[in-house]
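A short worksheet on the structure shown next.
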Amino acid sequence: MEHYVINGGKPLNGVVSISGAKNAALAIIPAAILAKGVSTIENLPDIADIKNLFAILEELGAVCEFKNKNTLIIDSTNINSHVATHKMVKKIRASYYLLGALLSRFKKAEVDMPGGCNFGSRPMDLHMKGFEALGATVDTSHGRVRLSADKLIGKTVYFDIVSVGATINLMIAATLAEGTTTIDNAAREPHVVDTANFLNMMGANIKGAGTNVIRIEGVTELKGVNYTIIPDQIEAGTYMIAAAITGGDITVQNIIPKHMDPLTAKLTEMNCDVEEGDDFIRVRADKPLTAVNVKTAEYPGFPTDLHPQMTALLTIAQGKGVITEAVWENRFQYVQELKRLGCQISVNGRIASTEGSSILTGAEVSATDLRAGAALVLAGLASQGTTKVCCANHINRGYENLEEKLNALGADVSRVKE
């Protein structure tokens, strides 16, 4: 087991380059199954989830090779199995995208129930609703999802709630279906758009990605392509918050600033100086911070994946802050761990209140999930003394070279294996 050991209390300063988007990569790699050819995917984050997907695709019969740590070559020509039961499937929430990809290519799919972070009920009902609308039969018994169809035929599907996973999964499945599929009340997140762009480059006909109505005109075949993943907005946001929580000055580069608008607005409201360029944002926090209210929402609202990090920041700001979690019902599991560091937080249902100007001191804490782990690292950076963040495997699922990037900004962080 690995842990992060952080000697905190140091303002972070400098420039950090953001890796490719985890959430986009985890959808695009399975989507490459649809092409009977070779695809080269660049700007992948060097994280555990990507390596796990690599193992899964090889088991399916794909020929995969890392050209370098951030570039993956996938030859899916000879994929010969529609069954994904590799032990790695249960470690990745986004392994459910294999369902849409295998169903689209083989008209059948069998995939173990996915794993990943556990911070609330995340049923796959909407995914199944979409697959059934296209003509698939669904069996979810014995911890495994089995799909089959004689053929897939396009249809209009309305999602009762906005779901990124279901939107992408249905979009992938419908790409090779007959006729037109319309997804109404679709998710609009950047990685939805990135996945659609990848599929379109392969020869798909998808329109409307980035709006709440997506139309997919089915095609008969797709080809392999070279594609570059967009930057990771959540990693970018984490480093922007790192500047604020340590009283530092960080330029976050290789990003799409528009994706950061909800966080930029809140940091500005908190009294940070935020400078925006074509592909960078600079955050300076040399003045006292003021607490704000935050409510998570689907894109273009404040992202739920920045909620824990923002909570950590609010604990050191002056005044009372409120963060409302409107996406997941049980995302506050990390609060008890932040309290060990001295954070003053109270939780009532989906609402957390912070009492500002908390004095943070190092302690041993444990990451309960990926973004909770990031929040604990941020709080450790702002704490006096040494903080040990256990269960670093959660954090390694979503952040490339975290300790190296932080240390280059002036932090004192080490990853320790025990």
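Here, A, B, ... name the chains of the structure tokens in the order displayed, residue numbers run from 1 inside each chain, and ligands are numbered from 1 in the same displayed order.
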Please produce, as JSON lines, a per-residue contact table for segment 163-230 of chain A versus segment 85-104 of chain A (criterion: any atom at most 6 Å away, only C-alpha atoms considered), showing the nearest atom pair and its distance in Å to one decimal, sorted by chain then residue number.
{"residue": "A:Asn169", "atom": "CA", "partner": "A:Gly100", "partner_atom": "CA", "distance": 5.1}
{"residue": "A:Ile172", "atom": "CA", "partner": "A:Gly100", "partner_atom": "CA", "distance": 5.6}
{"residue": "A:Ala173", "atom": "CA", "partner": "A:Gly100", "partner_atom": "CA", "distance": 4.4}
{"residue": "A:Leu176", "atom": "CA", "partner": "A:Ser104", "partner_atom": "CA", "distance": 5.9}
For Ile250 of chain A, work out the shell of residues within 10 Å, counting only C-alpha atoms and skipping chain neighbours fewer than 5 positions away, then give it as JSON, numbers by chain.
-> {"A": [11, 12, 13, 14, 15, 16, 239, 240, 241, 242, 243, 244, 274, 281, 282, 283, 284, 285, 409]}
Q.
Please determine, counting only C-alpha atoms, which residue among A:Cys391, A:Leu53, A:Ala375, A:Ala187 has the shortest atom-to-atom distance to Leu306 of chain A.
A.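 Closest to Leu306 of chain A, using only C-alpha atoms: A:Ala375.
By chain and then residue number, the residues within 9 Å of Thr140 of chain A are Met113, Arg146 and Leu147 of chain A, counting only C-alpha atoms and disregarding those fewer than 6 positions away in sequence.
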Could you list, as a PyMOL selection string, every residue within 9 Å of Gly210 of chain A, counting only C-alpha atoms and ignoring same-chain residues fewer than 5 positions away? chain A and resi 186-190+192-193
Next, write the just-selected residues to a file, as a PDB file, in the first residue's frame, keeping C-alpha atoms as the atom set.
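Everything below was put into result19.pdb:
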ATOM      1  CA  ALA A 186     -28.076  14.640 -22.693  1.00  0.00           C
ATOM      2  CA  ALA A 187     -25.060  15.547 -20.575  1.00  0.00           C
ATOM      3  CA  ARG A 188     -22.933  18.418 -21.907  1.00  0.00           C
ATOM      4  CA  GLU A 189     -19.599  17.821 -20.171  1.00  0.00           C
ATOM      5  CA  PRO A 190     -16.360  18.418 -22.119  1.00  0.00           C
ATOM      6  CA  VAL A 192     -18.921  13.997 -23.811  1.00  0.00           C
ATOM      7  CA  VAL A 193     -17.874  16.374 -26.576  1.00  0.00           C
TER       8      VAL A 193
END
Would you work out the distance separating atom CA of Ile183 of chain A from atom CA of Val157 of chain A, expressed in Å to one decimal?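 Going from atom CA of Ile183 of chain A over to atom CA of Val157 of chain A covers 5.1 Å.
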Sel. of strand (DSSP E or B) residues, segment 253-348 of chain A, as a ChimeraX atom specification: /A:253,273-276,280-284,290,293-296,302,318,320-324,345-348
Take the residues from that selection and write them out as an mmCIF file, in the first residue's frame, keeping C-alpha atoms.
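Once written, again.cif looks like this:
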data_model
loop_
_atom_site.group_PDB
_atom_site.id
_atom_site.type_symbol
_atom_site.label_atom_id
_atom_site.label_comp_id
_atom_site.auth_asym_id
_atom_site.auth_seq_id
_atom_site.Cartn_x
_atom_site.Cartn_y
_atom_site.Cartn_z
ATOM 1 C CA GLN A 253 -1.027 25.615 -18.433
ATOM 2 C CA ASP A 273 -6.350 37.215 -8.491
ATOM 3 C CA VAL A 274 -7.107 35.118 -11.571
ATOM 4 C CA GLU A 275 -5.478 35.848 -14.920
ATOM 5 C CA GLU A 276 -6.663 33.958 -17.986
ATOM 6 C CA PHE A 280 -3.456 28.956 -19.180
ATOM 7 C CA ILE A 281 -4.868 30.369 -15.963
ATOM 8 C CA ARG A 282 -2.736 32.012 -13.284
ATOM 9 C CA VAL A 283 -4.051 32.018 -9.714
ATOM 10 C CA ARG A 284 -2.483 34.286 -7.050
ATOM 11 C CA THR A 290 -13.412 35.130 1.852
ATOM 12 C CA ASN A 293 -21.390 29.381 -1.204
ATOM 13 C CA VAL A 294 -21.009 26.611 -3.790
ATOM 14 C CA LYS A 295 -23.578 24.264 -5.312
ATOM 15 C CA THR A 296 -22.512 21.457 -7.595
ATOM 16 C CA PHE A 302 -19.679 23.723 -10.643
ATOM 17 C CA GLN A 318 -12.729 33.919 6.476
ATOM 18 C CA LYS A 320 -18.926 30.783 6.872
ATOM 19 C CA GLY A 321 -18.946 28.791 3.655
ATOM 20 C CA VAL A 322 -21.664 26.472 2.399
ATOM 21 C CA ILE A 323 -21.274 23.727 -0.176
ATOM 22 C CA THR A 324 -24.322 21.909 -1.493
ATOM 23 C CA ILE A 345 -17.045 21.382 8.995
ATOM 24 C CA SER A 346 -20.601 20.330 9.814
ATOM 25 C CA VAL A 347 -22.773 18.249 7.502
ATOM 26 C CA ASN A 348 -26.547 18.131 7.268
#
Separating atom CA of Thr238 of chain A from atom CA of Asn396 of chain A, to the nearest tenth of an Å, is a gap of 14.0 Å
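Taking only C-alpha atoms, the non-local environment of Ile216 of chain A within 8 Å (same-chain residues fewer than 4 positions away omitted) comprises Met171, Ala174, Thr175, Thr180, Thr181, Thr182, Ala204, Asn205, Ile206 and Lys207 of chain A.
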Based on the selection just made, write C-alpha atoms of those residues as a short mmCIF file (atom, residue, chain, number, x, y, z; two decimals), in the first residue's frame.
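In the end it all went to part.cif:
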data_model
loop_
_atom_site.label_atom_id
_atom_site.label_comp_id
_atom_site.auth_asym_id
_atom_site.auth_seq_id
_atom_site.Cartn_x
_atom_site.Cartn_y
_atom_site.Cartn_z
CA MET A 171 -23.74 7.49 -28.03
CA ALA A 174 -25.74 4.00 -31.41
CA THR A 175 -22.82 4.85 -33.67
CA THR A 180 -31.13 7.86 -36.16
CA THR A 181 -30.78 7.87 -32.39
CA THR A 182 -31.70 11.01 -30.46
CA ALA A 204 -19.39 8.46 -37.12
CA ASN A 205 -22.14 11.00 -37.71
CA ILE A 206 -22.86 12.66 -34.34
CA LYS A 207 -24.32 16.14 -34.02
#
